[in-house]
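Take a look at the structure set out below.
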Amino acid sequence: MLKIHVLPLGDCQTNCYIVHEENSTDCLIIDPGYEPEIISSYLEEKGLTPEAILLTHCHFDHVGAVKDLAAQYDCKVFLDKKELAMPPMLTNGPLYYTDGYGDGDTLTLAGIPIQVLETPGHTPGSVCLIMEDTLFSGDTLFAGSCGRTDLPCGDARAMRDSLRRLAALSENYRVCPGHGPSSTLNREKKTNPYL
């Protein structure tokens with residue numbers, strides 16, 4: 001069974017997720033946007049060691065702690081390479097990563113099967129990550145809303161297509177977004193005006 005810890009960090013209260021199997025000390029970090037020392041203290045407290053950092057997209061508020069954590073734990077960092085097209089002012093400088101992933105990729109990291117869905121719109125390489133019964137939706141889908149598309153490299157038409165793609169998923173995933181509270185996909189299909 002998947003254990004999910006959420007740390008809302010920084011001025012933007014970006015949700016950093018720490019994910020692991022119930023009886024495992026190996027974990028994944030999703031979108032460590034700020035405050036690497038808080039994340040590493042939490043990992044130490046829980047006795048967890050990250051095998052990889054996974055990025056749903058690369059705006060500064062989702063990647064700010066990546067370099068420090070990758071150096072500290074010598075772990076891999078995954079992103080969709082379409083994110084490399086974004087201007088450095090949006091990504092807090094050059095992006096640090098070790099591996100790329102893209103639509104339809106399936107990985108197993110920290111003993112967890114991961115399915116990658118490309119969901120562009122908020123950024124060119126935004127992805128959602130499916131792990132067991134959970135959809136980590138980044139800034140594509142929020143509880144009651146969706147990500148903005150008015151920043152450089154945003155694309156409203158691509159966002160509509162991505163939201164349609166999520167709406168077509170048949171399973172009622174738990175939705176863990178980049179900001180704000182969690183939800184379920186069924187709830188969002190019924191109540192979210194963007195879905």
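By order in the structure tokens, chains are A, B, ...; within a chain, residues start at 1; ligands start at 1, following the order shown.
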
Hey, which bits of region 40-121 of chain A sit within 12 Å of region 159-180 of chain A, and for each residue what's the closest pair of atoms and how far apart in Å (one decimal), counting only C-alpha atoms, rows by chain and increasing number, as a tab-separated table?
residue	atom	partner	partner_atom	distance
A:Leu55	CA	A:Gly178	CA	10.4
A:Thr56	CA	A:Gly178	CA	8.4
A:His57	CA	A:Gly178	CA	9.6
A:Cys58	CA	A:Gly178	CA	11.5
A:His59	CA	A:Gly178	CA	11.0
A:Asp61	CA	A:Gly178	CA	9.6
A:His62	CA	A:Gly178	CA	8.1
A:Val63	CA	A:Gly178	CA	11.8
A:Asp103	CA	A:Ser162	CA	11.9
A:Leu117	CA	A:Leu166	CA	9.2
A:Glu118	CA	A:Ser162	CA	7.9
A:Thr119	CA	A:Ser162	CA	4.8
A:Pro120	CA	A:Met159	CA	6.0
A:Gly121	CA	A:Met159	CA	3.9

Sel. of helix (DSSP H, G or I) residues, chain A, as a PyMOL selection string: chain A and resi 36-46+60-63+66-73+81-85+88-91+156-167+185-191

Secondary structure check, strand (DSSP E or B) residues of region 9-177 of chain A, as a ChimeraX atom specification: /A:9,14-21,26-30,49-54,76-79,99-100,106-109,112-118,127-131,134-138,141-142,145-146,174-177

Of the listed residues A:Gly47, A:Pro152, A:Pro32, A:Gly10, that which approaches Leu69 (chain A) most closely, counting only C-alpha atoms: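 The closest residue to Leu69 (chain A) is A:Pro32.
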
Contact residues around region 95-98 of chain A with only C-alpha atoms at 7 Å, ignoring same-chain residues under 6 positions, as JSON, numbers by chain: {"A": [67, 76, 77, 78, 79]}

Write out as an mmCIF file with all heavy atoms, in the first residue's frame which residues come within 9 Å of Asp74 (chain A) when counting only C-alpha atoms, dropping same-chain ones fewer than 5 positions away.
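Done, and the output landed in around.cif:
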data_model
loop_
_atom_site.group_PDB
_atom_site.id
_atom_site.type_symbol
_atom_site.label_atom_id
_atom_site.label_comp_id
_atom_site.auth_asym_id
_atom_site.auth_seq_id
_atom_site.Cartn_x
_atom_site.Cartn_y
_atom_site.Cartn_z
ATOM 1 N N PRO A 50 15.537 8.750 -0.395
ATOM 2 C CA PRO A 50 14.985 8.901 -1.752
ATOM 3 C C PRO A 50 15.818 8.186 -2.804
ATOM 4 O O PRO A 50 17.036 8.303 -2.824
ATOM 5 C CB PRO A 50 14.995 10.411 -1.971
ATOM 6 C CG PRO A 50 16.022 10.945 -1.036
ATOM 7 C CD PRO A 50 16.083 10.011 0.134
ATOM 8 N N GLU A 51 15.119 7.427 -3.656
ATOM 9 C CA GLU A 51 15.766 6.798 -4.808
ATOM 10 C C GLU A 51 15.740 7.738 -6.006
ATOM 11 O O GLU A 51 16.612 7.682 -6.865
ATOM 12 C CB GLU A 51 15.060 5.487 -5.157
ATOM 13 C CG GLU A 51 15.723 4.725 -6.285
ATOM 14 C CD GLU A 51 15.074 3.386 -6.562
ATOM 15 O OE1 GLU A 51 14.732 2.676 -5.604
ATOM 16 O OE2 GLU A 51 14.900 3.067 -7.744
ATOM 17 N N ALA A 52 14.717 8.613 -6.066
ATOM 18 C CA ALA A 52 14.608 9.523 -7.207
ATOM 19 C C ALA A 52 13.727 10.707 -6.849
ATOM 20 O O ALA A 52 12.888 10.630 -5.933
ATOM 21 C CB ALA A 52 14.025 8.800 -8.422
ATOM 22 N N LEU A 69 18.958 18.478 -2.822
ATOM 23 C CA LEU A 69 18.546 17.126 -2.428
ATOM 24 C C LEU A 69 19.244 16.065 -3.273
ATOM 25 O O LEU A 69 19.674 15.026 -2.756
ATOM 26 C CB LEU A 69 17.030 16.979 -2.543
ATOM 27 C CG LEU A 69 16.210 17.796 -1.552
ATOM 28 C CD1 LEU A 69 14.732 17.743 -1.922
ATOM 29 C CD2 LEU A 69 16.413 17.307 -0.122
#

Point-to-point distance from CA of Leu135 (chain A) to CA of Gln13 (chain A), Å rounded to tenths: 19.2 Å

Nearest-residue call for Tyr34 (chain A), choices A:Met89, A:Ile53, A:Asp11, A:His5, using only C-alpha atoms: A:Asp11

Between CA of Arg187 (chain A) and CA of Cys16 (chain A) - distance in Å to one decimal: 22.5 Å

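Residue nearest Ala158 (chain A), chosen from A:Thr123, A:Thr91, A:Ser183, A:Gln115 and counting only C-alpha atoms: A:Thr123.
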
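Distance annotation: of A:Asp150, A:Phe60, A:Thr25, A:Asn186, the residue with the minimal separation from Glu44 (chain A) is A:Thr25; atom set is only C-alpha atoms.
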
Å distance separating CA of Ser182 (chain A) from CA of Ile4 (chain A), one decimal place: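 These two atoms are separated by 11.3 Å.
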